[in-house]
Amino acid sequence: MSESGDDYIVEMEGITKRFGEVVALDGVTLRLRRGEVLALAGDNGAGKSTLIKCLAGAHRPDSGTIRIDGETVDIDSPRRAKDLGIETTFQDLAIADNLTVTQNIFLGREEVGGSGGLLGVLSKGKMRKRAQELLDELEIGVDVDETVSNLSGGERQLVSISRTMLSDPEIIIMDEPTSALSVEGAERVLELIDRMQRQGISILLISHNLDYVRRAADRIHILHQGTDAGVLDGETATQDDIVKRMVAGMPDSERSEQAADG
Ligand SMILES: Nc1ncnc2c1ncn2[C@@H]1O[C@H](COP(=O)(O)OP(=O)(O)O)[C@@H](O)[C@H]1O
Ligand SMILES: [Mg+2]
């Protein structure tokens, strides 16, 4: 628990990241509560992907602090992020068309076999069984033996997201999971996010679609040109409230309040 009594699973404080002359993030502070869906909104180039890449171990911030479960951590690789219970799905799906659903779910995962911790591979039968369990738990009606090229865009995204559940993560980051999908495909992804939340997973969701953001998110954190533009309640925020902050950043009144609060 933090001093304020809120139970944060992720606290990113004062995160700054530069790419040469470009300041992608300038002292951003983002907090994810345990079990919530937090949306990250902002115009193109606002720094959303850079921020989540700092949490996923793909980038290292130039400065700032990251705490997971209250412990300060140095997430210096994607491997380290996974070890901390953080899984990520990106917009460009890392999915292999010519493989089956089961093969995709296990793609690149080495199962630890035996008590000696030797690296081994699960038998085909076991992988298939585990994949089926995973899809059943998430109520995804896709055939585990189907070749992925025969699936719709929405189904592929469901498989890609369900993959992240294999390691039993605490935190899942989704960068634009609905952007390439039909309305129906996006609906299924939103339902999946809801089911994952009910399983106790804390979710950080990036999306351009503000309708989806308002429906899925408990809170909406807005970025503007690499700076914080405030956090709104998902239930009460209007599209207008969100867009204003995306375009103009944090209102001056709020900025001075925060400065006064220290
Ligand atoms: N690898 C990179 N090299 C150089 N500049 C980058 C890199 N990644 C992001 N940027 C720049 O950082 C800023 C924030 O980008 P990004 O985090 O991708 O924004 P968003 O995801 O909100 O659209 C942009 O100006 C972008 O051009
Ligand atoms: Mg992005």
# chains A, B, ... in the order shown; residues from 1 in each chain; ligands from 1
>>> residues_around(residues="region 241-254 of chain A", least_positions_apart="6", cutoff="7 Å", atoms="only C-alpha atoms", output="ChimeraX atom specification")
/A:42-43,222-224,228-230
>>> write_last_selection(atoms="N, CA, C and O atoms", output="mmCIF file, in the first residue's frame")
data_model
loop_
_atom_site.group_PDB
_atom_site.id
_atom_site.type_symbol
_atom_site.label_atom_id
_atom_site.label_comp_id
_atom_site.auth_asym_id
_atom_site.auth_seq_id
_atom_site.Cartn_x
_atom_site.Cartn_y
_atom_site.Cartn_z
ATOM 1 N N GLY A 42 -3.898 9.441 -25.580
ATOM 2 C CA GLY A 42 -3.031 10.538 -26.024
ATOM 3 C C GLY A 42 -2.908 10.486 -27.530
ATOM 4 O O GLY A 42 -3.072 9.426 -28.129
ATOM 5 N N ASP A 43 -2.630 11.649 -28.103
ATOM 6 C CA ASP A 43 -2.509 11.755 -29.556
ATOM 7 C C ASP A 43 -1.282 10.970 -30.036
ATOM 8 O O ASP A 43 -0.445 10.560 -29.240
ATOM 9 N N ILE A 222 -4.119 10.379 -19.295
ATOM 10 C CA ILE A 222 -3.906 11.027 -20.585
ATOM 11 C C ILE A 222 -2.500 11.621 -20.658
ATOM 12 O O ILE A 222 -2.032 12.252 -19.702
ATOM 13 N N LEU A 223 -1.851 11.391 -21.792
ATOM 14 C CA LEU A 223 -0.530 11.971 -22.040
ATOM 15 C C LEU A 223 -0.653 13.031 -23.118
ATOM 16 O O LEU A 223 -1.460 12.902 -24.045
ATOM 17 N N HIS A 224 0.167 14.056 -22.995
ATOM 18 C CA HIS A 224 0.205 15.115 -23.999
ATOM 19 C C HIS A 224 1.656 15.508 -24.217
ATOM 20 O O HIS A 224 2.303 16.003 -23.295
ATOM 21 N N ASP A 228 2.247 14.440 -18.410
ATOM 22 C CA ASP A 228 0.959 14.030 -17.863
ATOM 23 C C ASP A 228 -0.090 15.091 -18.137
ATOM 24 O O ASP A 228 0.126 16.276 -17.886
ATOM 25 N N ALA A 229 -1.264 14.650 -18.636
ATOM 26 C CA ALA A 229 -2.379 15.576 -18.855
ATOM 27 C C ALA A 229 -3.548 15.227 -17.935
ATOM 28 O O ALA A 229 -4.658 15.682 -18.147
ATOM 29 N N GLY A 230 -3.272 14.447 -16.905
ATOM 30 C CA GLY A 230 -4.289 14.155 -15.900
ATOM 31 C C GLY A 230 -4.877 12.764 -16.012
ATOM 32 O O GLY A 230 -4.649 12.048 -16.987
#
>>> residues_around(residues="Gly234 (chain A)", least_positions_apart="4", cutoff="8 Å", atoms="only C-alpha atoms", output="list in words")
Val213, Arg214, Arg215, Ala216, Ala217, Asp218, Arg219 and Ile220 of chain A
>>> write_last_selection(atoms="C-alpha atoms", output="mmCIF file, in the first residue's frame")
data_model
loop_
_atom_site.group_PDB
_atom_site.id
_atom_site.type_symbol
_atom_site.label_atom_id
_atom_site.label_comp_id
_atom_site.auth_asym_id
_atom_site.auth_seq_id
_atom_site.Cartn_x
_atom_site.Cartn_y
_atom_site.Cartn_z
ATOM 1 C CA VAL A 213 -11.472 3.300 -23.584
ATOM 2 C CA ARG A 214 -14.454 4.698 -21.691
ATOM 3 C CA ARG A 215 -16.200 1.336 -21.676
ATOM 4 C CA ALA A 216 -13.238 -0.782 -20.616
ATOM 5 C CA ALA A 217 -11.316 1.467 -18.256
ATOM 6 C CA ASP A 218 -11.798 2.218 -14.591
ATOM 7 C CA ARG A 219 -9.542 5.259 -15.024
ATOM 8 C CA ILE A 220 -8.057 7.036 -18.014
#
>>> residues_near_ligand(ligand="ligand 1", cutoff="8 Å", atoms="only C-alpha atoms and all ligand atoms", output="VMD selection string")
chain A and resid 18 to 20 22 to 25 41 to 51 223 225 to 226
>>> residues_around(residues="Phe90 (chain A)", least_positions_apart="3", cutoff="8 Å", atoms="only C-alpha atoms", output="number ranges by chain")
A: 93-94, 174-177
>>> closest_residue(among="A:Leu210, A:Ile66, A:Leu205, A:Ala81", to="ligand 2", atoms="only C-alpha atoms and all ligand atoms")
A:Leu205
>>> select_by_dssp(residues="region 109-221 of chain A", states="strand (DSSP E)", output="PDB file with all heavy atoms, in the first residue's frame")
ATOM      1  N   GLU A 111       9.287 -24.555 -21.785  1.00  0.00           N
ATOM      2  CA  GLU A 111       8.733 -25.029 -20.515  1.00  0.00           C
ATOM      3  C   GLU A 111       9.855 -25.632 -19.682  1.00  0.00           C
ATOM      4  O   GLU A 111      10.753 -26.285 -20.199  1.00  0.00           O
ATOM      5  CB  GLU A 111       7.670 -26.099 -20.776  1.00  0.00           C
ATOM      6  CG  GLU A 111       6.421 -25.539 -21.427  1.00  0.00           C
ATOM      7  CD  GLU A 111       5.708 -24.540 -20.522  1.00  0.00           C
ATOM      8  OE1 GLU A 111       5.537 -24.863 -19.332  1.00  0.00           O
ATOM      9  OE2 GLU A 111       5.345 -23.458 -20.987  1.00  0.00           O
ATOM     10  N   VAL A 112       9.813 -25.376 -18.405  1.00  0.00           N
ATOM     11  CA  VAL A 112      10.801 -25.959 -17.507  1.00  0.00           C
ATOM     12  C   VAL A 112      10.339 -27.369 -17.138  1.00  0.00           C
ATOM     13  O   VAL A 112       9.263 -27.559 -16.599  1.00  0.00           O
ATOM     14  CB  VAL A 112      10.958 -25.097 -16.245  1.00  0.00           C
ATOM     15  CG1 VAL A 112      11.930 -25.759 -15.274  1.00  0.00           C
ATOM     16  CG2 VAL A 112      11.428 -23.710 -16.615  1.00  0.00           C
ATOM     17  N   GLY A 113      11.149 -28.339 -17.492  1.00  0.00           N
ATOM     18  CA  GLY A 113      10.752 -29.726 -17.240  1.00  0.00           C
ATOM     19  C   GLY A 113      11.567 -30.342 -16.120  1.00  0.00           C
ATOM     20  O   GLY A 113      12.753 -30.104 -16.003  1.00  0.00           O
ATOM     21  N   LEU A 118      15.764 -28.424 -15.654  1.00  0.00           N
ATOM     22  CA  LEU A 118      16.328 -28.499 -16.995  1.00  0.00           C
ATOM     23  C   LEU A 118      15.317 -27.984 -18.011  1.00  0.00           C
ATOM     24  O   LEU A 118      14.114 -28.189 -17.862  1.00  0.00           O
ATOM     25  CB  LEU A 118      16.670 -29.950 -17.342  1.00  0.00           C
ATOM     26  CG  LEU A 118      17.800 -30.570 -16.530  1.00  0.00           C
ATOM     27  CD1 LEU A 118      17.895 -32.064 -16.819  1.00  0.00           C
ATOM     28  CD2 LEU A 118      19.112 -29.890 -16.878  1.00  0.00           C
ATOM     29  N   LEU A 119      15.811 -27.314 -19.020  1.00  0.00           N
ATOM     30  CA  LEU A 119      14.898 -26.838 -20.047  1.00  0.00           C
ATOM     31  C   LEU A 119      14.417 -28.014 -20.876  1.00  0.00           C
ATOM     32  O   LEU A 119      15.186 -28.831 -21.347  1.00  0.00           O
ATOM     33  CB  LEU A 119      15.599 -25.825 -20.958  1.00  0.00           C
ATOM     34  CG  LEU A 119      15.745 -24.426 -20.384  1.00  0.00           C
ATOM     35  CD1 LEU A 119      16.430 -23.532 -21.404  1.00  0.00           C
ATOM     36  CD2 LEU A 119      14.411 -23.838 -20.007  1.00  0.00           C
ATOM     37  N   GLY A 120      13.129 -28.110 -21.016  1.00  0.00           N
ATOM     38  CA  GLY A 120      12.575 -29.165 -21.831  1.00  0.00           C
ATOM     39  C   GLY A 120      11.390 -28.620 -22.582  1.00  0.00           C
ATOM     40  O   GLY A 120      11.098 -27.451 -22.520  1.00  0.00           O
ATOM     41  N   ILE A 171       0.131  -8.575 -14.407  1.00  0.00           N
ATOM     42  CA  ILE A 171      -0.076  -7.320 -15.122  1.00  0.00           C
ATOM     43  C   ILE A 171      -0.021  -7.608 -16.619  1.00  0.00           C
ATOM     44  O   ILE A 171       0.918  -8.268 -17.083  1.00  0.00           O
ATOM     45  CB  ILE A 171       1.055  -6.318 -14.778  1.00  0.00           C
ATOM     46  CG1 ILE A 171       1.067  -6.045 -13.265  1.00  0.00           C
ATOM     47  CG2 ILE A 171       0.923  -5.031 -15.591  1.00  0.00           C
ATOM     48  CD1 ILE A 171       2.415  -5.596 -12.751  1.00  0.00           C
ATOM     49  N   ILE A 172      -1.016  -7.138 -17.356  1.00  0.00           N
ATOM     50  CA  ILE A 172      -0.956  -7.276 -18.809  1.00  0.00           C
ATOM     51  C   ILE A 172      -1.068  -5.895 -19.437  1.00  0.00           C
ATOM     52  O   ILE A 172      -1.942  -5.096 -19.092  1.00  0.00           O
ATOM     53  CB  ILE A 172      -2.041  -8.230 -19.343  1.00  0.00           C
ATOM     54  CG1 ILE A 172      -1.781  -9.650 -18.822  1.00  0.00           C
ATOM     55  CG2 ILE A 172      -2.064  -8.226 -20.878  1.00  0.00           C
ATOM     56  CD1 ILE A 172      -2.721 -10.713 -19.339  1.00  0.00           C
ATOM     57  N   ILE A 173      -0.151  -5.638 -20.361  1.00  0.00           N
ATOM     58  CA  ILE A 173      -0.136  -4.382 -21.095  1.00  0.00           C
ATOM     59  C   ILE A 173      -0.624  -4.684 -22.507  1.00  0.00           C
ATOM     60  O   ILE A 173      -0.134  -5.618 -23.143  1.00  0.00           O
ATOM     61  CB  ILE A 173       1.296  -3.816 -21.192  1.00  0.00           C
ATOM     62  CG1 ILE A 173       1.915  -3.647 -19.806  1.00  0.00           C
ATOM     63  CG2 ILE A 173       1.308  -2.521 -21.976  1.00  0.00           C
ATOM     64  CD1 ILE A 173       3.427  -3.397 -19.851  1.00  0.00           C
ATOM     65  N   MET A 174      -1.581  -3.889 -23.000  1.00  0.00           N
ATOM     66  CA  MET A 174      -2.055  -4.090 -24.369  1.00  0.00           C
ATOM     67  C   MET A 174      -1.910  -2.779 -25.131  1.00  0.00           C
ATOM     68  O   MET A 174      -2.500  -1.772 -24.758  1.00  0.00           O
ATOM     69  CB  MET A 174      -3.528  -4.486 -24.369  1.00  0.00           C
ATOM     70  CG  MET A 174      -3.801  -5.757 -23.603  1.00  0.00           C
ATOM     71  SD  MET A 174      -5.540  -6.214 -23.754  1.00  0.00           S
ATOM     72  CE  MET A 174      -5.677  -7.297 -22.331  1.00  0.00           C
ATOM     73  N   ASP A 175      -1.109  -2.809 -26.180  1.00  0.00           N
ATOM     74  CA  ASP A 175      -0.912  -1.606 -27.001  1.00  0.00           C
ATOM     75  C   ASP A 175      -1.780  -1.724 -28.251  1.00  0.00           C
ATOM     76  O   ASP A 175      -1.486  -2.516 -29.136  1.00  0.00           O
ATOM     77  CB  ASP A 175       0.568  -1.449 -27.369  1.00  0.00           C
ATOM     78  CG  ASP A 175       0.887  -0.051 -27.901  1.00  0.00           C
ATOM     79  OD1 ASP A 175      -0.063   0.736 -28.132  1.00  0.00           O
ATOM     80  OD2 ASP A 175       2.079   0.249 -28.080  1.00  0.00           O
ATOM     81  N   SER A 202      -4.343  -7.013 -13.471  1.00  0.00           N
ATOM     82  CA  SER A 202      -4.289  -5.556 -13.612  1.00  0.00           C
ATOM     83  C   SER A 202      -3.892  -5.259 -15.054  1.00  0.00           C
ATOM     84  O   SER A 202      -2.928  -5.835 -15.548  1.00  0.00           O
ATOM     85  CB  SER A 202      -3.262  -4.968 -12.658  1.00  0.00           C
ATOM     86  OG  SER A 202      -3.441  -5.496 -11.362  1.00  0.00           O
ATOM     87  N   ILE A 203      -4.639  -4.376 -15.705  1.00  0.00           N
ATOM     88  CA  ILE A 203      -4.468  -4.200 -17.154  1.00  0.00           C
ATOM     89  C   ILE A 203      -4.194  -2.739 -17.510  1.00  0.00           C
ATOM     90  O   ILE A 203      -4.880  -1.834 -17.039  1.00  0.00           O
ATOM     91  CB  ILE A 203      -5.722  -4.704 -17.905  1.00  0.00           C
ATOM     92  CG1 ILE A 203      -5.892  -6.217 -17.658  1.00  0.00           C
ATOM     93  CG2 ILE A 203      -5.629  -4.404 -19.406  1.00  0.00           C
ATOM     94  CD1 ILE A 203      -7.240  -6.771 -18.069  1.00  0.00           C
ATOM     95  N   LEU A 204      -3.181  -2.557 -18.332  1.00  0.00           N
ATOM     96  CA  LEU A 204      -2.857  -1.241 -18.866  1.00  0.00           C
ATOM     97  C   LEU A 204      -3.180  -1.284 -20.355  1.00  0.00           C
ATOM     98  O   LEU A 204      -2.588  -2.064 -21.104  1.00  0.00           O
ATOM     99  CB  LEU A 204      -1.369  -0.957 -18.629  1.00  0.00           C
ATOM    100  CG  LEU A 204      -0.820   0.424 -18.908  1.00  0.00           C
ATOM    101  CD1 LEU A 204      -1.623   1.513 -18.228  1.00  0.00           C
ATOM    102  CD2 LEU A 204       0.625   0.492 -18.435  1.00  0.00           C
ATOM    103  N   LEU A 205      -4.146  -0.495 -20.770  1.00  0.00           N
ATOM    104  CA  LEU A 205      -4.694  -0.576 -22.119  1.00  0.00           C
ATOM    105  C   LEU A 205      -4.453   0.719 -22.887  1.00  0.00           C
ATOM    106  O   LEU A 205      -4.864   1.794 -22.450  1.00  0.00           O
ATOM    107  CB  LEU A 205      -6.208  -0.815 -22.011  1.00  0.00           C
ATOM    108  CG  LEU A 205      -7.045  -0.670 -23.284  1.00  0.00           C
ATOM    109  CD1 LEU A 205      -6.735  -1.791 -24.265  1.00  0.00           C
ATOM    110  CD2 LEU A 205      -8.535  -0.645 -22.948  1.00  0.00           C
ATOM    111  N   ILE A 206      -3.788   0.593 -24.024  1.00  0.00           N
ATOM    112  CA  ILE A 206      -3.634   1.752 -24.904  1.00  0.00           C
ATOM    113  C   ILE A 206      -4.617   1.605 -26.048  1.00  0.00           C
ATOM    114  O   ILE A 206      -4.660   0.551 -26.690  1.00  0.00           O
ATOM    115  CB  ILE A 206      -2.217   1.839 -25.509  1.00  0.00           C
ATOM    116  CG1 ILE A 206      -1.185   2.022 -24.410  1.00  0.00           C
ATOM    117  CG2 ILE A 206      -2.129   2.973 -26.521  1.00  0.00           C
ATOM    118  CD1 ILE A 206       0.219   2.188 -24.950  1.00  0.00           C
ATOM    119  N   ARG A 219     -10.094   3.899 -14.997  1.00  0.00           N
ATOM    120  CA  ARG A 219      -9.542   5.259 -15.024  1.00  0.00           C
ATOM    121  C   ARG A 219      -8.812   5.450 -16.353  1.00  0.00           C
ATOM    122  O   ARG A 219      -8.366   4.478 -16.965  1.00  0.00           O
ATOM    123  CB  ARG A 219      -8.559   5.475 -13.865  1.00  0.00           C
ATOM    124  CG  ARG A 219      -9.231   5.377 -12.477  1.00  0.00           C
ATOM    125  CD  ARG A 219      -8.244   5.733 -11.368  1.00  0.00           C
ATOM    126  NE  ARG A 219      -7.037   4.910 -11.466  1.00  0.00           N
ATOM    127  CZ  ARG A 219      -5.806   5.369 -11.237  1.00  0.00           C
ATOM    128  NH1 ARG A 219      -5.605   6.628 -10.889  1.00  0.00           N
ATOM    129  NH2 ARG A 219      -4.776   4.555 -11.351  1.00  0.00           N
ATOM    130  N   ILE A 220      -8.704   6.704 -16.739  1.00  0.00           N
ATOM    131  CA  ILE A 220      -8.057   7.036 -18.014  1.00  0.00           C
ATOM    132  C   ILE A 220      -6.925   8.028 -17.745  1.00  0.00           C
ATOM    133  O   ILE A 220      -7.167   9.124 -17.243  1.00  0.00           O
ATOM    134  CB  ILE A 220      -9.075   7.669 -18.988  1.00  0.00           C
ATOM    135  CG1 ILE A 220     -10.284   6.725 -19.165  1.00  0.00           C
ATOM    136  CG2 ILE A 220      -8.416   7.987 -20.329  1.00  0.00           C
ATOM    137  CD1 ILE A 220     -11.497   7.393 -19.780  1.00  0.00           C
ATOM    138  N   HIS A 221      -5.714   7.599 -18.051  1.00  0.00           N
ATOM    139  CA  HIS A 221      -4.537   8.452 -17.869  1.00  0.00           C
ATOM    140  C   HIS A 221      -4.201   9.054 -19.236  1.00  0.00           C
ATOM    141  O   HIS A 221      -4.022   8.321 -20.206  1.00  0.00           O
ATOM    142  CB  HIS A 221      -3.370   7.613 -17.346  1.00  0.00           C
ATOM    143  CG  HIS A 221      -2.171   8.416 -16.978  1.00  0.00           C
ATOM    144  ND1 HIS A 221      -1.628   8.399 -15.720  1.00  0.00           N
ATOM    145  CD2 HIS A 221      -1.414   9.286 -17.697  1.00  0.00           C
ATOM    146  CE1 HIS A 221      -0.575   9.220 -15.673  1.00  0.00           C
ATOM    147  NE2 HIS A 221      -0.434   9.765 -16.881  1.00  0.00           N
TER     148      HIS A 221
END
>>> select_by_dssp(residues="region 89-257 of chain A", states="alpha helix (DSSP H)", output="MDAnalysis selection string")
chainID A and resid 101:106 124:137 153:163 183:198 210:216 239:248 252:257
>>> residues_around(residues="Arg31 (chain A)", least_positions_apart="2", cutoff="8 Å", atoms="only C-alpha atoms", output="PDB file with N, CA and C atoms, in the first residue's frame")
ATOM      1  N   TYR A   8      -1.416   0.122  -5.169  1.00  0.00           N
ATOM      2  CA  TYR A   8      -0.874   0.197  -6.526  1.00  0.00           C
ATOM      3  C   TYR A   8       0.029  -0.993  -6.808  1.00  0.00           C
ATOM      4  N   ILE A   9      -0.212  -1.648  -7.939  1.00  0.00           N
ATOM      5  CA  ILE A   9       0.678  -2.735  -8.333  1.00  0.00           C
ATOM      6  C   ILE A   9       1.856  -2.190  -9.139  1.00  0.00           C
ATOM      7  N   VAL A  10       1.598  -1.091  -9.879  1.00  0.00           N
ATOM      8  CA  VAL A  10       2.673  -0.433 -10.636  1.00  0.00           C
ATOM      9  C   VAL A  10       2.701   1.048 -10.285  1.00  0.00           C
ATOM     10  N   GLU A  11       3.887   1.545  -9.989  1.00  0.00           N
ATOM     11  CA  GLU A  11       4.074   2.982  -9.818  1.00  0.00           C
ATOM     12  C   GLU A  11       5.281   3.389 -10.652  1.00  0.00           C
ATOM     13  N   MET A  12       5.023   4.216 -11.668  1.00  0.00           N
ATOM     14  CA  MET A  12       6.108   4.758 -12.488  1.00  0.00           C
ATOM     15  C   MET A  12       6.167   6.238 -12.137  1.00  0.00           C
ATOM     16  N   THR A  29       4.384  10.420 -14.517  1.00  0.00           N
ATOM     17  CA  THR A  29       4.061   9.584 -13.359  1.00  0.00           C
ATOM     18  C   THR A  29       2.747   8.861 -13.597  1.00  0.00           C
ATOM     19  N   ARG A  33      -3.587   0.665 -10.337  1.00  0.00           N
ATOM     20  CA  ARG A  33      -4.094   0.018  -9.124  1.00  0.00           C
ATOM     21  C   ARG A  33      -4.240  -1.481  -9.354  1.00  0.00           C
TER      22      ARG A  33
END
